[in-house]
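query34.cif follows (mmCIF, C-alpha atoms and all ligand atoms):
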data_upload
loop_
_atom_site.group_PDB
_atom_site.id
_atom_site.type_symbol
_atom_site.label_atom_id
_atom_site.label_comp_id
_atom_site.auth_asym_id
_atom_site.auth_seq_id
_atom_site.Cartn_x
_atom_site.Cartn_y
_atom_site.Cartn_z
ATOM 1 C CA MET Y 1 14.270 8.123 8.580
ATOM 2 C CA VAL Y 2 13.334 10.111 11.677
ATOM 3 C CA SER Y 3 15.714 10.912 14.546
ATOM 4 C CA PHE Y 4 14.603 11.511 18.116
ATOM 5 C CA THR Y 5 15.561 10.532 21.658
ATOM 6 C CA ILE Y 6 14.200 8.071 24.200
ATOM 7 C CA ASP Y 7 15.319 8.763 27.761
ATOM 8 C CA GLY Y 8 18.136 10.844 26.279
ATOM 9 C CA GLN Y 9 19.353 8.093 23.962
ATOM 10 C CA PRO Y 10 19.379 9.025 20.248
ATOM 11 C CA VAL Y 11 17.320 6.608 18.099
ATOM 12 C CA GLU Y 12 16.349 6.369 14.451
ATOM 13 C CA ALA Y 13 13.074 5.045 13.093
ATOM 14 C CA LYS Y 14 11.120 4.722 9.881
ATOM 15 C CA GLU Y 15 8.509 7.418 9.339
ATOM 16 C CA ASP Y 16 5.535 5.057 9.675
ATOM 17 C CA GLN Y 17 6.597 3.608 13.030
ATOM 18 C CA ASN Y 18 5.081 4.373 16.416
ATOM 19 C CA VAL Y 19 7.012 5.297 19.542
ATOM 20 C CA LEU Y 20 6.240 2.050 21.385
ATOM 21 C CA GLU Y 21 7.574 -0.288 18.723
ATOM 22 C CA VAL Y 22 10.801 1.698 18.408
ATOM 23 C CA ALA Y 23 11.231 1.844 22.177
ATOM 24 C CA LEU Y 24 10.695 -1.917 22.524
ATOM 25 C CA ASP Y 25 13.120 -2.634 19.676
ATOM 26 C CA GLU Y 26 15.707 -0.474 21.418
ATOM 27 C CA GLY Y 27 15.256 -2.416 24.658
ATOM 28 C CA PHE Y 28 13.223 0.102 26.689
ATOM 29 C CA ASP Y 29 10.728 -1.435 29.050
ATOM 30 C CA ILE Y 30 7.263 0.054 28.576
ATOM 31 C CA PRO Y 31 4.374 -2.055 29.900
ATOM 32 C CA HIS Y 32 1.682 -2.675 27.302
ATOM 33 C CA LEU Y 33 -1.265 -4.999 26.820
ATOM 34 C CA CYS Y 34 -3.238 -4.127 23.698
ATOM 35 C CA TYR Y 35 -0.369 -3.561 21.263
ATOM 36 C CA ASN Y 36 0.431 -6.176 18.642
ATOM 37 C CA GLU Y 37 2.697 -5.365 15.710
ATOM 38 C CA ASN Y 38 0.455 -7.274 13.288
ATOM 39 C CA VAL Y 39 -2.584 -5.034 13.715
ATOM 40 C CA LYS Y 40 -3.273 -1.309 13.781
ATOM 41 C CA PRO Y 41 -2.714 0.270 17.205
ATOM 42 C CA TYR Y 42 -5.920 0.998 19.053
ATOM 43 C CA GLY Y 43 -4.771 2.649 22.280
ATOM 44 C CA ALA Y 44 -7.239 0.735 24.424
ATOM 45 C CA CYS Y 45 -5.407 -0.365 27.558
ATOM 46 C CA ARG Y 46 -3.709 3.044 28.163
ATOM 47 C CA LEU Y 47 -0.805 1.306 29.850
ATOM 48 C CA CYS Y 48 1.957 2.254 27.426
ATOM 49 C CA LEU Y 49 2.030 5.872 28.635
ATOM 50 C CA VAL Y 50 5.148 7.972 28.087
ATOM 51 C CA GLU Y 51 5.952 11.668 28.290
ATOM 52 C CA VAL Y 52 6.693 13.345 24.960
ATOM 53 C CA SER Y 53 8.277 16.734 24.645
ATOM 54 C CA ARG Y 54 7.794 18.475 21.299
ATOM 55 C CA LYS Y 55 8.530 22.075 20.391
ATOM 56 C CA GLY Y 56 8.938 22.952 24.034
ATOM 57 C CA ARG Y 57 5.601 21.446 25.097
ATOM 58 C CA SER Y 58 5.323 18.272 27.066
ATOM 59 C CA ARG Y 59 2.423 15.822 27.349
ATOM 60 C CA ILE Y 60 1.607 12.359 28.628
ATOM 61 C CA THR Y 61 0.402 10.083 25.857
ATOM 62 C CA THR Y 62 -0.009 6.459 24.887
ATOM 63 C CA SER Y 63 3.059 5.435 22.903
ATOM 64 C CA CYS Y 64 1.562 2.645 20.754
ATOM 65 C CA ASN Y 65 -0.436 5.109 18.678
ATOM 66 C CA TYR Y 66 1.953 8.061 18.863
ATOM 67 C CA PRO Y 67 3.827 8.401 15.541
ATOM 68 C CA VAL Y 68 7.558 8.980 15.609
ATOM 69 C CA MET Y 69 8.537 12.562 14.751
ATOM 70 C CA GLU Y 70 11.788 14.329 14.079
ATOM 71 C CA GLY Y 71 13.306 15.849 17.205
ATOM 72 C CA ILE Y 72 10.793 14.687 19.821
ATOM 73 C CA GLU Y 73 12.052 13.712 23.247
ATOM 74 C CA VAL Y 74 10.394 10.658 24.758
ATOM 75 C CA PHE Y 75 10.643 9.845 28.455
ATOM 76 C CA THR Y 76 9.539 6.417 29.588
ATOM 77 C CA SER Y 77 9.728 6.685 33.347
ATOM 78 C CA THR Y 78 9.335 10.220 34.684
ATOM 79 C CA GLU Y 79 7.482 10.648 37.955
ATOM 80 C CA LYS Y 80 4.406 11.843 36.050
ATOM 81 C CA VAL Y 81 4.483 8.798 33.748
ATOM 82 C CA LEU Y 82 4.897 6.323 36.591
ATOM 83 C CA ARG Y 83 2.049 7.922 38.542
ATOM 84 C CA ALA Y 84 -0.328 7.895 35.558
ATOM 85 C CA ARG Y 85 0.645 4.353 34.567
ATOM 86 C CA LYS Y 86 0.031 3.131 38.109
ATOM 87 C CA MET Y 87 -3.442 4.608 38.057
ATOM 88 C CA VAL Y 88 -4.220 2.910 34.732
ATOM 89 C CA MET Y 89 -2.961 -0.375 36.150
ATOM 90 C CA GLU Y 90 -5.136 0.056 39.220
ATOM 91 C CA LEU Y 91 -8.169 0.702 37.024
ATOM 92 C CA LEU Y 92 -7.455 -2.390 34.929
ATOM 93 C CA LEU Y 93 -7.031 -4.495 38.031
ATOM 94 C CA ALA Y 94 -10.225 -3.093 39.531
ATOM 95 C CA MET Y 95 -12.023 -4.190 36.375
ATOM 96 C CA CYS Y 96 -10.512 -7.693 36.321
ATOM 97 C CA PRO Y 97 -9.289 -8.393 39.878
ATOM 98 C CA GLY Y 98 -8.965 -12.125 39.220
ATOM 99 C CA SER Y 99 -6.399 -11.789 36.421
ATOM 100 C CA LYS Y 100 -3.089 -13.370 37.423
ATOM 101 C CA LEU Y 101 -1.195 -11.395 34.770
ATOM 102 C CA LEU Y 102 -2.608 -8.063 35.939
ATOM 103 C CA GLN Y 103 -1.909 -8.991 39.561
ATOM 104 C CA GLU Y 104 1.721 -9.696 38.677
ATOM 105 C CA MET Y 105 2.116 -6.527 36.641
ATOM 106 C CA ALA Y 106 0.565 -4.476 39.432
ATOM 107 C CA LYS Y 107 2.911 -6.056 41.959
ATOM 108 C CA GLU Y 108 5.919 -5.179 39.798
ATOM 109 C CA MET Y 109 4.714 -1.583 39.759
ATOM 110 C CA GLY Y 110 4.496 -1.555 43.527
ATOM 111 C CA ILE Y 111 0.700 -1.439 43.693
ATOM 112 C CA ASN Y 112 -0.489 -2.940 46.952
ATOM 113 C CA GLU Y 113 -4.087 -1.769 47.084
ATOM 114 C CA ILE Y 114 -6.812 -0.804 44.637
ATOM 115 C CA ARG Y 115 -8.580 2.460 45.359
ATOM 116 C CA PHE Y 116 -11.354 1.878 42.830
ATOM 117 C CA LYS Y 117 -14.547 -0.141 43.061
ATOM 118 C CA LYS Y 118 -13.837 -3.725 42.029
ATOM 119 C CA GLU Y 119 -15.809 -5.399 39.260
ATOM 120 C CA ASP Y 120 -15.831 -9.074 38.399
ATOM 121 C CA LYS Y 121 -14.923 -8.973 34.699
ATOM 122 C CA ASP Y 122 -12.205 -11.046 33.090
ATOM 123 C CA CYS Y 123 -11.773 -9.104 29.819
ATOM 124 C CA ILE Y 124 -9.927 -5.777 29.717
ATOM 125 C CA LEU Y 125 -11.767 -4.720 26.529
ATOM 126 C CA CYS Y 126 -8.532 -4.256 24.616
ATOM 127 C CA GLY Y 127 -10.200 -5.399 21.393
ATOM 128 C CA LEU Y 128 -7.085 -7.245 20.256
ATOM 129 C CA CYS Y 129 -9.033 -10.455 19.565
ATOM 130 C CA ALA Y 130 -11.477 -8.671 17.261
ATOM 131 C CA ARG Y 131 -8.736 -6.688 15.517
ATOM 132 C CA VAL Y 132 -6.722 -9.840 14.800
ATOM 133 C CA CYS Y 133 -9.846 -11.641 13.626
ATOM 134 C CA ASP Y 134 -10.612 -8.727 11.264
ATOM 135 C CA GLU Y 135 -7.206 -7.587 10.082
ATOM 136 C CA VAL Y 136 -5.132 -10.785 10.096
ATOM 137 C CA VAL Y 137 -7.569 -13.696 9.771
ATOM 138 C CA GLY Y 138 -10.164 -11.780 7.756
ATOM 139 C CA ALA Y 139 -13.036 -13.681 9.384
ATOM 140 C CA HIS Y 140 -14.805 -10.733 11.106
ATOM 141 C CA ALA Y 141 -16.381 -13.201 13.516
ATOM 142 C CA ILE Y 142 -16.424 -11.130 16.730
ATOM 143 C CA GLN Y 143 -16.985 -7.470 17.563
ATOM 144 C CA PHE Y 144 -17.559 -4.926 20.283
ATOM 145 C CA ALA Y 145 -21.173 -4.744 21.449
ATOM 146 C CA PHE Y 146 -23.185 -2.655 23.931
ATOM 147 C CA ARG Y 147 -22.112 0.514 25.711
ATOM 148 C CA GLY Y 148 -20.865 1.638 29.094
ATOM 149 C CA ASP Y 149 -20.700 -1.034 31.782
ATOM 150 C CA ARG Y 150 -22.165 -3.658 29.491
ATOM 151 C CA ARG Y 151 -19.546 -3.190 26.761
ATOM 152 C CA GLU Y 152 -17.970 -6.463 25.665
ATOM 153 C CA VAL Y 153 -16.433 -8.300 22.737
ATOM 154 C CA CYS Y 154 -18.707 -11.067 21.521
ATOM 155 C CA PRO Y 155 -20.076 -12.777 18.419
ATOM 156 C CA PRO Y 156 -22.971 -11.057 16.604
ATOM 157 C CA PHE Y 157 -26.309 -11.593 18.394
ATOM 158 C CA MET Y 158 -24.424 -13.460 21.137
ATOM 159 C CA GLU Y 159 -24.798 -16.620 19.084
ATOM 160 C CA GLN Y 160 -22.161 -19.143 17.992
ATOM 161 C CA PRO Y 161 -20.233 -17.046 15.397
ATOM 162 C CA LYS Y 162 -20.843 -18.667 12.027
ATOM 163 C CA ASP Y 163 -17.892 -16.848 10.434
ATOM 164 C CA CYS Y 164 -15.417 -18.127 13.027
ATOM 165 C CA ILE Y 165 -13.053 -20.694 11.502
ATOM 166 C CA ALA Y 166 -11.760 -21.733 14.955
ATOM 167 C CA CYS Y 167 -8.204 -20.831 13.945
ATOM 168 C CA GLY Y 168 -7.272 -19.878 17.503
ATOM 169 C CA ALA Y 169 -5.559 -16.590 16.575
ATOM 170 C CA CYS Y 170 -7.678 -14.654 19.069
ATOM 171 C CA VAL Y 171 -6.825 -17.208 21.738
ATOM 172 C CA VAL Y 172 -3.117 -16.664 21.200
ATOM 173 C CA VAL Y 173 -3.207 -12.859 21.227
ATOM 174 C CA CYS Y 174 -5.542 -12.271 24.181
ATOM 175 C CA PRO Y 175 -3.169 -10.646 26.699
ATOM 176 C CA VAL Y 176 -5.087 -11.876 29.726
ATOM 177 C CA ASN Y 177 -5.677 -15.340 28.317
ATOM 178 C CA VAL Y 178 -9.445 -15.575 28.713
ATOM 179 C CA ILE Y 179 -10.623 -16.910 25.353
ATOM 180 C CA GLY Y 180 -9.557 -20.556 25.531
ATOM 181 C CA MET Y 181 -9.485 -23.407 23.074
ATOM 182 C CA LYS Y 182 -9.962 -27.131 23.593
ATOM 183 C CA GLU Y 183 -9.678 -30.124 21.315
ATOM 184 C CA GLU Y 184 -11.564 -33.309 22.074
ATOM 185 C CA GLY Y 185 -11.614 -36.180 19.591
ATOM 186 C CA ASP Y 186 -12.503 -34.750 16.215
ATOM 187 C CA GLU Y 187 -13.718 -31.377 17.522
ATOM 188 C CA ARG Y 188 -12.112 -28.031 18.329
ATOM 189 C CA THR Y 189 -13.951 -25.492 20.465
ATOM 190 C CA ILE Y 190 -13.119 -21.829 20.964
ATOM 191 C CA THR Y 191 -14.566 -21.736 24.431
ATOM 192 C CA ARG Y 192 -15.341 -18.047 24.953
ATOM 193 C CA TRP Y 193 -17.277 -17.815 21.676
ATOM 194 C CA LYS Y 194 -18.790 -21.301 22.074
ATOM 195 C CA ARG Y 195 -17.723 -22.142 18.544
ATOM 196 C CA THR Y 196 -17.230 -25.857 17.881
ATOM 197 C CA LEU Y 197 -16.035 -27.206 14.538
ATOM 198 C CA LYS Y 198 -15.188 -30.673 13.295
ATOM 199 C CA MET Y 199 -11.493 -31.290 12.598
ATOM 200 C CA LYS Y 200 -9.997 -32.845 9.519
ATOM 201 C CA GLN Y 201 -8.128 -36.163 9.855
ATOM 202 C CA CYS Y 202 -4.775 -36.616 8.098
ATOM 203 C CA LYS Y 203 -4.875 -39.413 5.520
ATOM 204 C CA ILE Y 204 -1.355 -40.526 6.457
ATOM 205 C CA CYS Y 205 -0.933 -40.286 10.259
ATOM 206 C CA GLY Y 206 -4.616 -40.227 11.213
ATOM 207 C CA ASN Y 207 -4.268 -37.165 13.487
ATOM 208 C CA TYR Y 208 -6.972 -34.530 13.575
ATOM 209 C CA PHE Y 209 -5.012 -31.418 12.632
ATOM 210 C CA ALA Y 210 -7.252 -28.417 11.840
ATOM 211 C CA PRO Y 211 -10.926 -27.510 11.536
ATOM 212 C CA TRP Y 212 -12.509 -28.466 8.206
ATOM 213 C CA TYR Y 213 -14.032 -25.027 7.805
ATOM 214 C CA GLN Y 214 -10.680 -23.281 8.333
ATOM 215 C CA LEU Y 215 -8.971 -25.480 5.738
ATOM 216 C CA GLU Y 216 -11.804 -24.958 3.259
ATOM 217 C CA LYS Y 217 -11.535 -21.178 3.671
ATOM 218 C CA PHE Y 218 -7.750 -21.271 3.204
ATOM 219 C CA ARG Y 219 -8.105 -23.543 0.187
ATOM 220 C CA GLU Y 220 -10.681 -21.263 -1.459
ATOM 221 C CA LYS Y 221 -8.638 -18.151 -0.765
ATOM 222 C CA ALA Y 222 -5.421 -19.589 -2.168
ATOM 223 C CA ASN Y 223 -7.185 -21.438 -4.989
ATOM 224 C CA LEU Y 224 -5.613 -24.752 -3.965
ATOM 225 C CA PRO Y 225 -6.619 -28.185 -5.297
ATOM 226 C CA LYS Y 226 -9.472 -30.000 -3.498
ATOM 227 C CA ASP Y 227 -7.203 -32.639 -1.951
ATOM 228 C CA PHE Y 228 -4.535 -30.149 -0.803
ATOM 229 C CA PHE Y 229 -5.337 -30.514 2.905
ATOM 230 C CA ASP Y 230 -5.867 -34.294 2.902
ATOM 231 C CA VAL Y 231 -2.474 -34.566 4.574
ATOM 232 C CA CYS Y 232 -1.398 -32.698 7.745
ATOM 233 C CA TYR Y 233 1.455 -30.180 7.877
ATOM 234 C CA THR Y 234 3.820 -32.658 9.557
ATOM 235 C CA CYS Y 235 3.292 -35.479 7.075
ATOM 236 C CA ARG Y 236 3.570 -33.051 4.177
ATOM 237 C CA SER Y 237 7.060 -31.872 5.147
HETATM 238 S S1 LIG Y 301 -10.850 -18.396 16.317
HETATM 239 FE FE1 LIG Y 301 -12.631 -17.471 15.320
HETATM 240 S S2 LIG Y 301 -12.959 -15.545 16.387
HETATM 241 FE FE2 LIG Y 301 -10.873 -16.233 16.876
HETATM 242 S S3 LIG Y 301 -9.563 -15.239 15.336
HETATM 243 FE FE3 LIG Y 301 -10.068 -17.262 14.528
HETATM 244 S S4 LIG Y 301 -11.893 -16.894 13.295
HETATM 245 FE FE4 LIG Y 301 -11.688 -15.101 14.603
HETATM 246 S S1 LIG Y 302 -11.120 -11.218 25.188
HETATM 247 FE FE1 LIG Y 302 -8.943 -10.795 25.513
HETATM 248 S S2 LIG Y 302 -8.223 -9.966 23.555
HETATM 249 FE FE2 LIG Y 302 -10.447 -9.862 23.529
HETATM 250 S S3 LIG Y 302 -10.928 -7.801 24.253
HETATM 251 FE FE3 LIG Y 302 -10.960 -9.154 26.034
HETATM 252 S S4 LIG Y 302 -8.923 -9.060 26.890
HETATM 253 FE FE4 LIG Y 302 -8.794 -8.220 24.830
HETATM 254 S S1 LIG Y 303 -0.454 -0.822 24.393
HETATM 255 FE FE1 LIG Y 303 -0.808 1.264 24.018
HETATM 256 S S2 LIG Y 303 -2.766 1.638 24.776
HETATM 257 FE FE2 LIG Y 303 -2.480 -0.483 25.044
#

Could I get this structure in the form of structure tokens?
Amino acid sequence: MVSFTIDGQPVEAKEDQNVLEVALDEGFDIPHLCYNENVKPYGACRLCLVEVSRKGRSRITTSCNYPVMEGIEVFTSTEKVLRARKMVMELLLAMCPGSKLLQEMAKEMGINEIRFKKEDKDCILCGLCARVCDEVVGAHAIQFAFRGDRREVCPPFMEQPKDCIACGACVVVCPVNVIGMKEEGDERTITRWKRTLKMKQCKICGNYFAPWYQLEKFREKANLPKDFFDVCYTCRS
């Protein structure tokens, strides 16, 4: 175990933890967008800034990818931190001015105007969708492409991603909710990636409950019998 302080409060953490997860567990309020405990931290949104003092030296850093260390002092809301965090928030909002979530977060931080040139994007390029697709789902269906202003997360060759199983995990984790999923009749579409797959119908209740391709992948992976997914989760239990 590692002992350190957050805003003067002594805390203990496991050696492989990062400062953000410990702070959140302990009830400290640090705004964050691209952190998800199920995937490796990436430090993309830059919002989770804190001030860390170590061996007499102090620096502002993102907390989601800062490992806990014995004796460090973490400060979540010094003047320096609040000023830097506000600027990051302004930059994010300038990139995606239409985002309701970002607008609300900015308002809570007391941001009334944006000093930066506004763009008309909707994605904050946090990469969480691609990381979840890679590290949790294992589908590797989407990725970062292009550089600079044109950088975006998209399927390879901008085509319907053939490896996407339409599981919806990316839809759930997107912090600004811009991926989208719809189900119509026997089809599910992940709208941002334009991926449409047929759904499987339950042999008992007749409901369409999951994409065929997703169930086939799960079945293969777990070496389940061919008829395992003939019945939906509800009717099975
Ligand atoms: S819906 Fe497709 S792109 Fe999204 S996580 Fe699942 S497999 Fe990956
Ligand atoms: S689509 Fe959403 S999750 Fe994916 S990079 Fe953009 S903001 Fe992040
Ligand atoms: S949550 Fe730490 S950089 Fe995004």

For ligand LIG 302 (chain Y), which residue among Y:Ala84, Y:Ile124, Y:Met69, Y:Ile6 is the nearest when counting only C-alpha atoms and all ligand atoms?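 For ligand LIG 302 (chain Y), the nearest of the given residues is Y:Ile124.
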
Kindly compile the residues surrounding ligand LIG 303 (chain Y) within 9 Å, counting only C-alpha atoms and all ligand atoms, and format them as number ranges by chain. Y: 20, 30-36, 41-49, 62-66, 126

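Picked out by the PyMOL selection byres (((not hetatm)) within 6 of (chain Y and resi 302)) when it runs on this file: Cys123, Ile124, Leu125, Cys126, Gly127, Leu128, Cys129, Val153, Cys174, Pro175, Val176, Val178 and Ile179 of chain Y.
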
Export C-alpha atoms of the chosen residues as an mmCIF file, in the coordinates of the input?
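To be explicit, this is the file written out as again.cif:
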data_model
loop_
_atom_site.group_PDB
_atom_site.id
_atom_site.type_symbol
_atom_site.label_atom_id
_atom_site.label_comp_id
_atom_site.auth_asym_id
_atom_site.auth_seq_id
_atom_site.Cartn_x
_atom_site.Cartn_y
_atom_site.Cartn_z
ATOM 1 C CA CYS Y 123 -11.773 -9.104 29.819
ATOM 2 C CA ILE Y 124 -9.927 -5.777 29.717
ATOM 3 C CA LEU Y 125 -11.767 -4.720 26.529
ATOM 4 C CA CYS Y 126 -8.532 -4.256 24.616
ATOM 5 C CA GLY Y 127 -10.200 -5.399 21.393
ATOM 6 C CA LEU Y 128 -7.085 -7.245 20.256
ATOM 7 C CA CYS Y 129 -9.033 -10.455 19.565
ATOM 8 C CA VAL Y 153 -16.433 -8.300 22.737
ATOM 9 C CA CYS Y 174 -5.542 -12.271 24.181
ATOM 10 C CA PRO Y 175 -3.169 -10.646 26.699
ATOM 11 C CA VAL Y 176 -5.087 -11.876 29.726
ATOM 12 C CA VAL Y 178 -9.445 -15.575 28.713
ATOM 13 C CA ILE Y 179 -10.623 -16.910 25.353
#

Show me, as CSV, the residues of chain Y having an atom within 6 Å of ligand LIG 301 (chain Y), each with the closest atom pair and its distance in Å, using all atoms listed in the file.
residue,atom,partner,partner_atom,distance
Y:Cys133,CA,Y:LIG301,S3,4.0
Y:Ala139,CA,Y:LIG301,S4,5.2
Y:Ala141,CA,Y:LIG301,S2,5.0
Y:Ile142,CA,Y:LIG301,S2,5.6
Y:Cys164,CA,Y:LIG301,FE1,3.7
Y:Ile165,CA,Y:LIG301,S4,4.4
Y:Ala166,CA,Y:LIG301,S1,3.7
Y:Cys167,CA,Y:LIG301,FE3,4.1
Y:Gly168,CA,Y:LIG301,S1,4.1
Y:Ala169,CA,Y:LIG301,S3,4.4
Y:Cys170,CA,Y:LIG301,FE2,4.2

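Comparing the minimum interatomic distances between Y:Pro211 and each of Y:Phe28, Y:Phe229, Y:Phe116, Y:Phe4, counting only C-alpha atoms, we find that Y:Phe229 sits nearest.
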
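What the PyMOL selection byres (((chain Y and resi 181) around 8) and not hetatm) matches in the given file is Gly168, Val171, Ile179, Gly180, Lys182, Glu183, Arg188, Thr189, Ile190 and Thr191 of chain Y.
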
Exercise: Y:Thr78 partners within 9 Å, only C-alpha atoms, chain neighbours under 4 positions left out, as a PyMOL selection string: chain Y and resi 50-51+82-83

Taking the file as shown, find all residues satisfying the PyMOL selection byres (((chain Y and resi 54) around 12) and not hetatm) and write them as a JSON list (two decimals) with C-alpha atoms, keeping the file's coordinate frame.
[["chain", "number", "residue", "atom", "x", "y", "z"],
["Y", 4, "PHE", "CA", 14.60, 11.51, 18.12],
["Y", 5, "THR", "CA", 15.56, 10.53, 21.66],
["Y", 51, "GLU", "CA", 5.95, 11.67, 28.29],
["Y", 52, "VAL", "CA", 6.69, 13.34, 24.96],
["Y", 53, "SER", "CA", 8.28, 16.73, 24.64],
["Y", 55, "LYS", "CA", 8.53, 22.08, 20.39],
["Y", 56, "GLY", "CA", 8.94, 22.95, 24.03],
["Y", 57, "ARG", "CA", 5.60, 21.45, 25.10],
["Y", 58, "SER", "CA", 5.32, 18.27, 27.07],
["Y", 59, "ARG", "CA", 2.42, 15.82, 27.35],
["Y", 60, "ILE", "CA", 1.61, 12.36, 28.63],
["Y", 68, "VAL", "CA", 7.56, 8.98, 15.61],
["Y", 69, "MET", "CA", 8.54, 12.56, 14.75],
["Y", 70, "GLU", "CA", 11.79, 14.33, 14.08],
["Y", 71, "GLY", "CA", 13.31, 15.85, 17.20],
["Y", 72, "ILE", "CA", 10.79, 14.69, 19.82],
["Y", 73, "GLU", "CA", 12.05, 13.71, 23.25],
["Y", 74, "VAL", "CA", 10.39, 10.66, 24.76],
["Y", 75, "PHE", "CA", 10.64, 9.85, 28.46]]

So, with only C-alpha atoms as the atoms that count, which of Y:His140, Y:Lys117, Y:Lys14, Y:Lys200 lies closest to Y:Tyr213? Y:Lys200

Would you mind listing what lies within 8 Å of Y:Leu93 as a PDB file with C-alpha atoms, in the coordinates of the input, with all atoms listed in the file counted and same-chain residues fewer than 4 positions away left out?
ATOM      1  CA  MET Y  89      -2.961  -0.375  36.150  1.00  0.00           C
ATOM      2  CA  PRO Y  97      -9.289  -8.393  39.878  1.00  0.00           C
ATOM      3  CA  GLY Y  98      -8.965 -12.125  39.220  1.00  0.00           C
ATOM      4  CA  SER Y  99      -6.399 -11.789  36.421  1.00  0.00           C
ATOM      5  CA  LEU Y 102      -2.608  -8.063  35.939  1.00  0.00           C
ATOM      6  CA  GLN Y 103      -1.909  -8.991  39.561  1.00  0.00           C
ATOM      7  CA  ALA Y 106       0.565  -4.476  39.432  1.00  0.00           C
ATOM      8  CA  ILE Y 114      -6.812  -0.804  44.637  1.00  0.00           C
ATOM      9  CA  LYS Y 118     -13.837  -3.725  42.029  1.00  0.00           C
TER      10      LYS Y 118
END

Suppose you want the space between atom CA of Y:Val19 and atom CA of Y:Met95; what is it in Å?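 About the pair atom CA of Y:Val19 and atom CA of Y:Met95: they are 27.1 Å apart.
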
Which of these residues is nearest to Y:Val137, using all atoms listed in the file: Y:Thr76, Y:Lys217, Y:Met105, Y:Cys205? Y:Lys217

Neighbouring residues of Y:Asp227 were defined as those with any atom within 12 Å, considering only C-alpha atoms; residues of the same chain fewer than 4 positions away were excluded. Please report them as a compact mmCIF listing (two decimals) with C-alpha atoms, in the frame of the given file.
# COMPACT_ATOMS: atom_id res chain seq x y z
CA LYS Y 200 -10.00 -32.84 9.52
CA CYS Y 202 -4.78 -36.62 8.10
CA LYS Y 203 -4.88 -39.41 5.52
CA LEU Y 215 -8.97 -25.48 5.74
CA GLU Y 216 -11.80 -24.96 3.26
CA ARG Y 219 -8.10 -23.54 0.19
CA GLU Y 220 -10.68 -21.26 -1.46
CA ASN Y 223 -7.18 -21.44 -4.99
CA VAL Y 231 -2.47 -34.57 4.57
CA CYS Y 232 -1.40 -32.70 7.74

Centre and edges of the stretch 103-106 of chain Y box, axis-aligned, 8 Å extra per side, as AutoDock Vina command-line options:
--center_x 0.1 --center_y -7.1 --center_z 38.1 --size_x 20.0 --size_y 21.2 --size_z 18.9

Mind listing as a ChimeraX atom specification all residues within 10 Å of (13.7, 2.6, 10.8), counting only C-alpha atoms? /Y:1-3,11-17,22

Suppose you want the space between atom CA of Y:Val132 and atom CA of Y:Glu21; what is it in Å?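 Atom-to-atom, atom CA of Y:Val132 to atom CA of Y:Glu21, that is 17.6 Å.
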
When you count only C-alpha atoms, which of these residues is closest to Y:Cys235: Y:Leu24, Y:Val81, Y:Ile204, Y:Val173? Y:Ile204

I want to know what sits within 7 Å of Y:Gln143, based on all atoms listed in the file, with residues of the same chain fewer than 2 positions away left out; could you give that as a VMD selection string? chain Y and resid 130 145 153 to 155
